[in-house]
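Text of data05.cif, listed as mmCIF, C-alpha atoms and all ligand atoms:
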data_coords
loop_
_atom_site.label_atom_id
_atom_site.label_comp_id
_atom_site.auth_asym_id
_atom_site.auth_seq_id
_atom_site.Cartn_x
_atom_site.Cartn_y
_atom_site.Cartn_z
CA MET A 1 97.79 92.95 50.17
CA ASN A 2 94.35 94.32 50.94
CA GLN A 3 93.14 92.07 53.69
CA HIS A 4 91.99 94.08 56.57
CA HIS A 5 93.63 92.62 59.66
CA VAL A 6 96.54 90.69 58.19
CA PHE A 7 99.16 92.99 56.73
CA GLY A 8 102.58 92.77 55.18
CA PRO A 9 104.95 91.09 55.40
CA VAL A 10 106.62 94.34 56.33
CA PRO A 11 110.35 94.83 56.82
CA SER A 12 110.82 95.16 60.54
CA ARG A 13 114.01 96.42 62.13
CA ARG A 14 113.72 93.81 64.87
CA LEU A 15 111.98 90.85 63.26
CA GLY A 16 113.11 90.66 59.62
CA PHE A 17 110.00 90.15 57.50
CA SER A 18 107.02 90.24 59.76
CA LEU A 19 103.43 89.36 58.85
CA GLY A 20 101.30 91.56 61.09
CA LEU A 21 98.01 90.63 62.73
CA ASP A 22 96.10 93.74 63.68
CA ILE A 23 93.71 92.65 66.43
CA VAL A 24 92.49 95.98 67.84
CA PRO A 25 90.85 98.94 66.06
CA TYR A 26 92.96 101.93 65.09
CA LYS A 27 94.58 103.56 68.15
CA THR A 28 92.82 101.50 70.77
CA CYS A 29 95.61 101.56 73.30
CA SER A 30 96.32 101.88 77.00
CA PHE A 31 99.01 104.48 76.16
CA ASP A 32 99.29 107.58 74.01
CA CYS A 33 103.06 107.69 73.51
CA VAL A 34 104.55 110.96 72.34
CA TYR A 35 106.58 109.03 69.75
CA CYS A 36 103.77 106.84 68.38
CA GLN A 37 104.03 106.49 64.62
CA LEU A 38 100.32 105.95 64.26
CA GLY A 39 99.11 109.28 65.60
CA GLN A 40 97.34 110.17 68.84
CA THR A 41 95.35 107.53 70.69
CA THR A 42 91.64 107.89 70.00
CA ASN A 43 90.44 105.19 72.39
CA LYS A 44 92.59 105.14 75.53
CA THR A 45 91.42 102.16 77.52
CA ILE A 46 92.46 99.25 79.70
CA GLN A 47 89.25 97.37 79.04
CA ARG A 48 89.85 94.00 77.42
CA ARG A 49 87.35 92.85 74.81
CA GLU A 50 87.24 90.83 71.62
CA TYR A 51 87.69 94.05 69.64
CA VAL A 52 88.35 92.11 66.45
CA SER A 53 86.89 88.62 66.35
CA LYS A 54 89.19 85.65 66.53
CA GLN A 55 87.29 84.05 63.69
CA VAL A 56 87.98 86.97 61.35
CA ILE A 57 91.70 86.98 62.15
CA ILE A 58 92.07 83.24 61.73
CA SER A 59 90.15 83.09 58.48
CA GLU A 60 92.18 85.98 56.98
CA LEU A 61 95.40 84.30 58.04
CA LYS A 62 94.23 80.96 56.67
CA SER A 63 93.63 82.45 53.25
CA TYR A 64 97.00 84.21 53.36
CA LEU A 65 98.80 80.98 54.21
CA THR A 66 97.17 79.01 51.40
CA GLU A 67 98.69 81.33 48.79
CA ASP A 68 102.33 81.40 47.71
CA HIS A 69 104.27 84.18 49.38
CA ASP A 70 107.70 85.59 50.04
CA LYS A 71 109.47 84.49 53.17
CA VAL A 72 107.89 85.43 56.49
CA ASP A 73 110.20 85.41 59.53
CA TYR A 74 107.52 85.99 62.16
CA ILE A 75 103.76 86.23 62.45
CA THR A 76 103.44 89.20 64.76
CA PHE A 77 100.54 90.30 66.92
CA SER A 78 100.89 94.05 66.74
CA GLY A 79 98.91 96.54 64.77
CA SER A 80 97.08 99.73 65.41
CA GLY A 81 97.14 99.74 69.20
CA GLU A 82 97.85 97.43 72.14
CA PRO A 83 97.19 93.80 71.10
CA THR A 84 96.78 92.42 74.65
CA LEU A 85 93.60 94.50 74.92
CA ASN A 86 92.01 91.85 72.72
CA SER A 87 90.64 89.30 75.20
CA LYS A 88 91.05 86.47 72.68
CA ILE A 89 94.77 86.97 72.07
CA GLY A 90 95.64 83.76 73.94
CA GLU A 91 93.27 81.65 71.85
CA MET A 92 94.52 83.34 68.68
CA VAL A 93 98.16 82.59 69.52
CA GLN A 94 97.29 78.93 70.12
CA GLU A 95 95.33 78.70 66.89
CA VAL A 96 98.12 80.29 64.84
CA LYS A 97 100.62 77.84 66.38
CA ARG A 98 98.38 74.99 65.22
CA MET A 99 98.17 76.39 61.68
CA THR A 100 101.83 77.04 60.86
CA ASP A 101 105.45 76.52 61.91
CA ILE A 102 106.26 80.20 61.41
CA PRO A 103 107.27 81.57 64.82
CA VAL A 104 104.74 83.76 66.60
CA ALA A 105 105.80 87.06 68.16
CA VAL A 106 103.80 89.51 70.27
CA LEU A 107 104.66 93.21 70.39
CA THR A 108 103.19 94.74 73.53
CA ASN A 109 103.57 97.87 75.60
CA GLY A 110 103.57 95.57 78.63
CA SER A 111 100.91 97.59 80.43
CA LEU A 112 98.63 94.62 81.17
CA LEU A 113 101.25 92.06 82.13
CA PHE A 114 100.45 92.69 85.79
CA LYS A 115 97.30 90.63 85.11
CA LYS A 116 97.95 86.91 85.51
CA ARG A 117 95.45 86.11 82.82
CA VAL A 118 97.31 88.21 80.24
CA ARG A 119 100.63 86.59 81.18
CA ASP A 120 99.07 83.14 80.78
CA GLU A 121 97.62 84.04 77.41
CA LEU A 122 101.04 84.99 76.00
CA ARG A 123 102.80 81.85 77.18
CA ARG A 124 102.42 79.95 73.91
CA ALA A 125 104.15 82.69 71.88
CA ASP A 126 107.69 82.05 70.62
CA LEU A 127 108.87 85.56 71.32
CA VAL A 128 107.45 88.45 73.33
CA LEU A 129 108.68 92.00 72.78
CA PRO A 130 107.46 94.30 75.53
CA SER A 131 108.51 97.90 75.89
CA LEU A 132 109.52 99.86 78.96
CA ASP A 133 110.35 103.52 78.52
CA ALA A 134 110.35 104.74 82.12
CA VAL A 135 110.66 103.48 85.67
CA THR A 136 109.24 106.46 87.58
CA GLN A 137 105.58 107.48 87.37
CA ASP A 138 106.47 111.05 86.45
CA VAL A 139 108.55 110.10 83.40
CA PHE A 140 106.09 107.31 82.52
CA VAL A 141 103.29 109.88 82.32
CA ARG A 142 105.41 112.22 80.21
CA VAL A 143 106.56 109.69 77.65
CA ASN A 144 103.71 107.19 77.45
CA ARG A 145 100.73 109.34 78.57
CA PRO A 146 99.07 106.19 79.98
CA HIS A 147 95.47 105.47 80.96
CA ASN A 148 95.06 106.91 84.45
CA GLY A 149 94.46 103.44 85.93
CA LEU A 150 98.07 102.42 85.23
CA ARG A 151 101.01 102.61 87.64
CA ILE A 152 104.56 101.99 86.46
CA GLU A 153 105.47 99.91 89.54
CA ASN A 154 102.69 97.42 88.70
CA ILE A 155 103.89 97.18 85.11
CA ILE A 156 107.48 96.51 86.25
CA ASP A 157 106.18 93.88 88.65
CA GLY A 158 104.20 92.27 85.81
CA LEU A 159 107.32 92.15 83.63
CA LYS A 160 109.30 90.46 86.40
CA LYS A 161 106.58 87.86 86.93
CA PHE A 162 106.27 87.24 83.20
CA ARG A 163 110.02 86.63 82.96
CA LYS A 164 109.74 83.92 85.60
CA GLU A 165 106.75 82.25 83.97
CA PHE A 166 107.64 82.53 80.26
CA ASP A 167 110.01 79.91 78.82
CA ASN A 168 110.88 81.61 75.52
CA GLU A 169 112.76 84.77 74.70
CA ILE A 170 111.82 88.25 75.83
CA TRP A 171 113.32 91.20 73.96
CA LEU A 172 112.66 94.38 75.87
CA GLU A 173 112.56 97.61 73.93
CA VAL A 174 113.37 101.00 75.42
CA MET A 175 112.36 103.95 73.27
CA LEU A 176 114.40 107.01 74.13
CA VAL A 177 113.10 110.51 73.50
CA LYS A 178 115.46 113.46 73.84
CA GLY A 179 114.79 115.52 76.95
CA VAL A 180 111.89 113.29 78.03
CA ASN A 181 113.27 109.97 79.29
CA ASP A 182 117.00 110.16 78.59
CA GLY A 183 118.08 111.85 81.85
CA VAL A 184 121.03 110.17 83.59
CA GLY A 185 119.05 109.52 86.79
CA GLU A 186 116.18 107.80 84.95
CA ILE A 187 118.57 105.76 82.79
CA GLU A 188 120.60 104.57 85.80
CA GLN A 189 117.46 103.52 87.62
CA MET A 190 116.09 101.90 84.48
CA ALA A 191 119.28 99.91 83.91
CA GLY A 192 119.04 98.51 87.45
CA ILE A 193 115.38 97.56 87.12
CA ILE A 194 115.79 96.03 83.67
CA ASN A 195 118.65 93.98 85.05
CA GLU A 196 116.22 92.62 87.65
CA ILE A 197 113.59 91.91 84.97
CA ASN A 198 116.29 89.96 83.11
CA PRO A 199 115.10 89.96 79.47
CA ASP A 200 117.13 88.07 76.84
CA LYS A 201 117.84 91.26 74.92
CA ILE A 202 117.55 94.94 75.65
CA GLN A 203 116.88 96.83 72.45
CA LEU A 204 117.43 100.55 72.53
CA ASN A 205 115.58 102.64 70.05
CA THR A 206 115.04 106.30 69.46
CA VAL A 207 112.62 108.37 67.45
CA VAL A 208 113.52 107.70 63.84
CA ARG A 209 110.04 107.18 62.49
CA PRO A 210 107.62 110.04 61.96
CA PRO A 211 106.38 110.55 65.54
CA CYS A 212 102.96 111.59 66.74
CA GLU A 213 104.22 114.77 68.44
CA SER A 214 106.70 117.01 66.69
CA PHE A 215 108.48 117.70 70.01
CA ALA A 216 109.44 114.01 70.28
CA MET A 217 113.04 114.26 69.12
CA PRO A 218 115.67 111.53 68.70
CA VAL A 219 118.61 111.03 71.04
CA ASP A 220 121.82 111.51 69.05
CA ALA A 221 124.01 108.56 68.09
CA ASN A 222 126.82 109.35 70.56
CA GLN A 223 124.44 109.59 73.46
CA MET A 224 122.74 106.34 72.37
CA ARG A 225 126.10 104.56 72.49
CA LYS A 226 126.81 105.92 75.98
CA ILE A 227 123.38 104.85 77.20
CA CYS A 228 123.83 101.42 75.60
CA LYS A 229 126.98 100.85 77.67
CA MET A 230 125.05 101.69 80.84
CA PHE A 231 122.62 98.85 80.09
CA GLY A 232 125.38 96.22 79.87
CA LYS A 233 126.11 93.28 77.58
CA LYS A 234 122.57 92.37 76.61
CA ALA A 235 121.87 95.83 75.23
CA GLU A 236 121.98 96.73 71.57
CA ILE A 237 120.95 99.71 69.50
CA ILE A 238 118.40 98.78 66.88
CA THR A 239 119.89 99.48 63.48
CA PRO A 240 117.96 100.08 60.29
CA HIS A 241 116.70 97.01 58.50
CA ALA A 242 119.28 95.49 56.16
CA ARG A 243 118.92 97.26 52.84
CA LYS A 244 119.70 94.05 50.95
CA ALA A 245 116.64 92.39 52.36
CA MET A 246 114.53 95.33 51.19
CA LYS A 247 115.37 94.78 47.52
CA ALA A 248 112.28 92.80 46.62
CA TYR A 249 110.14 95.48 48.17
CA GLU A 250 111.72 98.46 46.51
CA LYS A 251 110.25 97.27 43.27
CA GLY A 252 106.75 96.91 44.66
CA VAL A 253 105.28 98.74 47.60
CA GLU A 254 108.14 101.17 48.01
CA LYS A 255 108.03 102.21 44.37
CA SER A 256 104.26 102.75 44.48
CA ILE A 257 104.66 105.01 47.51
CA LEU A 258 107.44 107.02 45.85
CA THR A 259 105.46 107.38 42.63
CA LEU A 260 102.46 108.66 44.57
CA LEU A 261 104.53 111.09 46.64
CA GLU A 262 106.18 112.39 43.51
CA ARG A 263 102.76 113.55 42.35
CA ARG A 264 101.62 115.14 45.62
CA PRO A 265 102.35 115.32 49.35
CA CYS A 266 100.34 112.72 51.28
CA THR A 267 99.54 111.75 54.84
CA VAL A 268 99.85 108.12 55.98
CA GLU A 269 96.07 107.91 55.67
CA ASP A 270 96.13 109.20 52.05
CA ILE A 271 98.77 106.64 51.03
CA SER A 272 96.86 103.85 52.75
CA ASN A 273 93.61 104.80 51.01
CA VAL A 274 95.07 105.37 47.55
CA LEU A 275 97.25 102.25 47.46
CA GLY A 276 94.97 100.01 49.52
CA ILE A 277 97.81 99.15 51.88
CA HIS A 278 97.37 98.77 55.62
CA ARG A 279 98.31 101.92 57.52
CA ASN A 280 100.97 100.08 59.55
CA GLU A 281 102.59 98.78 56.41
CA VAL A 282 102.72 102.33 55.03
CA VAL A 283 104.34 103.53 58.27
CA LYS A 284 107.06 100.87 58.05
CA TYR A 285 107.95 101.74 54.48
CA LEU A 286 107.91 105.45 55.20
CA GLY A 287 110.23 104.83 58.14
CA VAL A 288 112.84 103.26 55.89
CA LEU A 289 112.39 105.93 53.21
CA VAL A 290 112.79 108.70 55.80
CA ASP A 291 115.88 106.96 57.27
CA ASP A 292 117.33 106.87 53.77
CA ARG A 293 116.42 110.56 53.23
CA ARG A 294 114.50 109.64 50.10
CA VAL A 295 111.34 111.04 51.64
CA VAL A 296 110.96 113.96 54.03
CA LYS A 297 108.07 114.95 56.22
CA LYS A 298 106.44 118.33 56.37
CA MET A 299 103.94 119.67 58.88
CA HIS A 300 100.91 121.47 57.52
CA LYS A 301 97.92 122.54 59.64
CA ASN A 302 98.94 120.09 62.36
CA GLN A 303 99.07 117.17 59.93
CA THR A 304 102.21 115.29 58.89
CA TYR A 305 102.66 115.06 55.13
CA PHE A 306 105.34 113.14 53.24
CA VAL A 307 107.09 114.38 50.12
CA VAL A 308 109.86 113.01 47.94
CA SER A 309 113.20 114.58 48.89
CA LYS A 310 115.05 116.82 46.42
CA ASP A 311 117.84 114.22 46.06
CA GLU A 312 115.36 111.50 45.28
CA MET A 313 113.59 113.75 42.76
CA ARG A 314 116.86 114.25 40.93
CA SER A 315 117.46 110.50 40.72
CA MET A 316 113.92 109.60 39.61
S1 LIG B 1 103.58 103.38 70.45
FE1 LIG B 1 102.40 101.54 70.87
S2 LIG B 1 101.91 101.70 73.02
FE2 LIG B 1 102.49 103.72 72.38
S3 LIG B 1 100.57 104.74 71.82
FE3 LIG B 1 101.43 103.85 69.94
S4 LIG B 1 100.43 101.87 69.79
FE4 LIG B 1 100.16 102.56 71.91
#

Before we go any further, please render this structure as structure tokens.
Ligand code: SF4
Amino acid sequence: MNQHHVFGPVPSRRLGFSLGLDIVPYKTCSFDCVYCQLGQTTNKTIQRREYVSKQVIISELKSYLTEDHDKVDYITFSGSGEPTLNSKIGEMVQEVKRMTDIPVAVLTNGSLLFKKRVRDELRRADLVLPSLDAVTQDVFVRVNRPHNGLRIENIIDGLKKFRKEFDNEIWLEVMLVKGVNDGVGEIEQMAGIINEINPDKIQLNTVVRPPCESFAMPVDANQMRKICKMFGKKAEIITPHARKAMKAYEKGVEKSILTLLERRPCTVEDISNVLGIHRNEVVKYLGVLVDDRRVVKKMHKNQTYFVVSKDEMRSM
């Protein structure tokens, strides 16, 4: 679909089919994570504003909901940066809850949860999925490259407070990057702190999507399993989205992407422009295609391009 701020539904490894609401402009974020799938942050900020108007979001969603669509498991505040930077997120969550019974999820890097106002604004959501990739300032800076006004101890404190105040589920994601935040000392400390935060789930992830920096490498499967044990019973490794559920999409969006890539290598931006699909939606599909080795990425002049793999070519 071509609407500007409502995209998908996209197959999400954590949320099934997720209809995304993109409420901040491209790469407006308090972090610049080395593993970001969207590229480097162009507006690193902690300033909250109504970057995208509530009215625009609600009217786009309204028109989406009046049409007939495939199943949506969650309406998810996410998008091209950090959604809690939008100062109207609380009002938007409330409005969406009034419009539909579809559960509302918020994906956040958790950086602003130390602000009481932000915690209050997220309280009406059905599910909040914050991330925490480090517990020491040094590793925090290396993996998330945060705005210089942010301290990891404040973020951890905000997460603990939010846990006490929020009645619904919190699924905490930890993104592990080889050689950056997977050291035993950091992991042990992180496991202790996350235990104190007490989320409902701890979801371990590693770099499987095309990352922003080519040095951001995945942690291998064995190591992931070892780390998972250190986090205890609530921890799980996020597995690729069920292929069965992707079937409907292979015929549509996925096929269009493959057909385009068969003709020429493209960046995420190229695919988004040519097919009129939201950039985040393109990233999700490419993630699955790369996981399946049907598409491979190639670096050229500091840009990431995607091409159809040789195996896929043979089967096309
Ligand atoms: S991964 Fe999320 S938090 Fe990190 S830079 Fe990208 S949009 Fe921001």

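Among the candidates A:Asp32, A:Asp70, A:Asp182, A:Asp120, the residue lying nearest to Val141 of chain A is A:Asp32 (atoms considered: all atoms listed in the file).
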
Counting only C-alpha atoms and all ligand atoms, name the residues that have an atom within 10 Å of an atom of ligand LIG 1 (chain B); the answer should be given as a PyMOL selection string.
chain A and resi 26-42+44+78-83+107-111+130-133+143-146+175+211-212

Using all atoms listed in the file, which residue out of A:Leu261, A:Ala105, A:Val274, A:Ile46 lies closest to Asp73 of chain A?
A:Ala105

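Counting all atoms listed in the file and comparing A:Ile237, A:Lys161, A:Ser315, A:Ser12, the residue that lies closest to Ile202 of chain A is A:Ile237.
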
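One distance worth recording is that between atom CA of Asp157 of chain A and atom CA of Leu172 of chain A, which is 14.3 Å.
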
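When all atoms listed in the file are used to compute distances to Val6 of chain A, the closest of the residues A:Ile187, A:Glu281, A:Leu286, A:Glu269 turns out to be A:Glu281.
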
Between A:Arg163, A:His278, A:Lys178, A:His300, single out the one closest to Asn195 of chain A, counting only C-alpha atoms.
A:Arg163

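Among the candidate residues A:Gly183, A:Val139, A:Arg98, A:Leu85, the one lying nearest to Glu121 of chain A is A:Leu85, with distances computed using only C-alpha atoms.
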
Tell me, as a VMD selection string, which residues lie within 12 Å of segment 92-97 of chain A, counting all atoms listed in the file; anything in the same chain fewer than 2 positions away does not count.
chain A and resid 21 to 23 50 52 to 62 65 74 to 77 83 to 84 86 to 90 99 to 106 120 to 128

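Between atom CA of Ile155 of chain A and atom CA of Met230 of chain A the separation is 22.1 Å.
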
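Going from atom CA of Val177 of chain A over to atom CA of Gly287 of chain A, you cover 16.6 Å.
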
Could you give me, as number ranges by chain, the residues that have an atom at most 8 Å away from the point (99.4, 92.0, 86.3) in the coordinates of the file, using all atoms listed in the file?
A: 112-119, 154-155, 157-158

Output C-alpha atoms for every residue in the selection just made, as a short mmCIF file (atom, residue, chain, number, x, y, z; two decimals), in the frame of the given file.
data_model
loop_
_atom_site.label_atom_id
_atom_site.label_comp_id
_atom_site.auth_asym_id
_atom_site.auth_seq_id
_atom_site.Cartn_x
_atom_site.Cartn_y
_atom_site.Cartn_z
CA LEU A 112 98.63 94.62 81.17
CA LEU A 113 101.25 92.06 82.13
CA PHE A 114 100.45 92.69 85.79
CA LYS A 115 97.30 90.63 85.11
CA LYS A 116 97.95 86.91 85.51
CA ARG A 117 95.45 86.11 82.82
CA VAL A 118 97.31 88.21 80.24
CA ARG A 119 100.63 86.59 81.18
CA ASN A 154 102.69 97.42 88.70
CA ILE A 155 103.89 97.18 85.11
CA ASP A 157 106.18 93.88 88.65
CA GLY A 158 104.20 92.27 85.81
#

With all atoms listed in the file as the counted atoms, please give the residues lying no more than 12 Å from Ala191 of chain A, apart from itself and same-chain residues fewer than 5 positions off, as a tab-separated table (two decimals) with C-alpha atoms, keeping the file's coordinate frame.
chain	number	residue	atom	x	y	z
A	132	LEU	CA	109.52	99.86	78.96
A	133	ASP	CA	110.35	103.52	78.52
A	134	ALA	CA	110.35	104.74	82.12
A	135	VAL	CA	110.66	103.48	85.67
A	172	LEU	CA	112.66	94.38	75.87
A	174	VAL	CA	113.37	101.00	75.42
A	182	ASP	CA	117.00	110.16	78.59
A	184	VAL	CA	121.03	110.17	83.59
A	185	GLY	CA	119.05	109.52	86.79
A	186	GLU	CA	116.18	107.80	84.95
A	196	GLU	CA	116.22	92.62	87.65
A	197	ILE	CA	113.59	91.91	84.97
A	198	ASN	CA	116.29	89.96	83.11
A	199	PRO	CA	115.10	89.96	79.47
A	202	ILE	CA	117.55	94.94	75.65
A	204	LEU	CA	117.43	100.55	72.53
A	227	ILE	CA	123.38	104.85	77.20
A	228	CYS	CA	123.83	101.42	75.60
A	229	LYS	CA	126.98	100.85	77.67
A	230	MET	CA	125.05	101.69	80.84
A	231	PHE	CA	122.62	98.85	80.09
A	232	GLY	CA	125.38	96.22	79.87
A	233	LYS	CA	126.11	93.28	77.58
A	234	LYS	CA	122.57	92.37	76.61
A	235	ALA	CA	121.87	95.83	75.23

How would segment 215-232 of chain A look with N, CA and C atoms restored, written as a PDB file, in the coordinates of the input?
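Output file rebuild-v5.pdb follows:
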ATOM      1  N   PHE A 215     107.428 117.456  69.006  1.00  0.00           N
ATOM      2  CA  PHE A 215     108.480 117.700  70.010  1.00  0.00           C
ATOM      3  C   PHE A 215     109.219 116.421  70.407  1.00  0.00           C
ATOM      4  N   ALA A 216     108.753 115.275  69.948  1.00  0.00           N
ATOM      5  CA  ALA A 216     109.440 114.010  70.280  1.00  0.00           C
ATOM      6  C   ALA A 216     110.662 113.871  69.366  1.00  0.00           C
ATOM      7  N   MET A 217     111.827 114.210  69.933  1.00  0.00           N
ATOM      8  CA  MET A 217     113.040 114.260  69.120  1.00  0.00           C
ATOM      9  C   MET A 217     113.966 113.073  69.430  1.00  0.00           C
ATOM     10  N   PRO A 218     114.761 112.662  68.459  1.00  0.00           N
ATOM     11  CA  PRO A 218     115.670 111.530  68.700  1.00  0.00           C
ATOM     12  C   PRO A 218     116.850 111.908  69.608  1.00  0.00           C
ATOM     13  N   VAL A 219     117.374 110.891  70.273  1.00  0.00           N
ATOM     14  CA  VAL A 219     118.610 111.030  71.040  1.00  0.00           C
ATOM     15  C   VAL A 219     119.747 110.810  70.043  1.00  0.00           C
ATOM     16  N   ASP A 220     120.801 111.649  70.092  1.00  0.00           N
ATOM     17  CA  ASP A 220     121.820 111.510  69.050  1.00  0.00           C
ATOM     18  C   ASP A 220     122.663 110.239  69.238  1.00  0.00           C
ATOM     19  N   ALA A 221     123.336 109.859  68.148  1.00  0.00           N
ATOM     20  CA  ALA A 221     124.010 108.560  68.090  1.00  0.00           C
ATOM     21  C   ALA A 221     125.055 108.375  69.197  1.00  0.00           C
ATOM     22  N   ASN A 222     125.812 109.433  69.505  1.00  0.00           N
ATOM     23  CA  ASN A 222     126.820 109.350  70.560  1.00  0.00           C
ATOM     24  C   ASN A 222     126.201 109.033  71.905  1.00  0.00           C
ATOM     25  N   GLN A 223     125.152 109.769  72.198  1.00  0.00           N
ATOM     26  CA  GLN A 223     124.440 109.590  73.460  1.00  0.00           C
ATOM     27  C   GLN A 223     123.830 108.179  73.540  1.00  0.00           C
ATOM     28  N   MET A 224     123.321 107.691  72.408  1.00  0.00           N
ATOM     29  CA  MET A 224     122.740 106.340  72.370  1.00  0.00           C
ATOM     30  C   MET A 224     123.815 105.311  72.729  1.00  0.00           C
ATOM     31  N   ARG A 225     125.008 105.509  72.193  1.00  0.00           N
ATOM     32  CA  ARG A 225     126.100 104.560  72.490  1.00  0.00           C
ATOM     33  C   ARG A 225     126.466 104.579  73.969  1.00  0.00           C
ATOM     34  N   LYS A 226     126.498 105.804  74.545  1.00  0.00           N
ATOM     35  CA  LYS A 226     126.810 105.920  75.980  1.00  0.00           C
ATOM     36  C   LYS A 226     125.747 105.215  76.809  1.00  0.00           C
ATOM     37  N   ILE A 227     124.492 105.459  76.456  1.00  0.00           N
ATOM     38  CA  ILE A 227     123.380 104.850  77.200  1.00  0.00           C
ATOM     39  C   ILE A 227     123.443 103.324  77.063  1.00  0.00           C
ATOM     40  N   CYS A 228     123.761 102.866  75.865  1.00  0.00           N
ATOM     41  CA  CYS A 228     123.830 101.420  75.600  1.00  0.00           C
ATOM     42  C   CYS A 228     124.831 100.757  76.553  1.00  0.00           C
ATOM     43  N   LYS A 229     125.964 101.411  76.755  1.00  0.00           N
ATOM     44  CA  LYS A 229     126.980 100.850  77.670  1.00  0.00           C
ATOM     45  C   LYS A 229     126.420 100.735  79.086  1.00  0.00           C
ATOM     46  N   MET A 230     125.608 101.711  79.484  1.00  0.00           N
ATOM     47  CA  MET A 230     125.050 101.690  80.840  1.00  0.00           C
ATOM     48  C   MET A 230     124.105 100.499  81.055  1.00  0.00           C
ATOM     49  N   PHE A 231     123.544  99.979  79.960  1.00  0.00           N
ATOM     50  CA  PHE A 231     122.620  98.850  80.090  1.00  0.00           C
ATOM     51  C   PHE A 231     123.325  97.487  80.062  1.00  0.00           C
ATOM     52  N   GLY A 232     124.624  97.486  79.785  1.00  0.00           N
ATOM     53  CA  GLY A 232     125.380  96.220  79.870  1.00  0.00           C
ATOM     54  C   GLY A 232     125.353  95.400  78.596  1.00  0.00           C
TER      55      GLY A 232
END
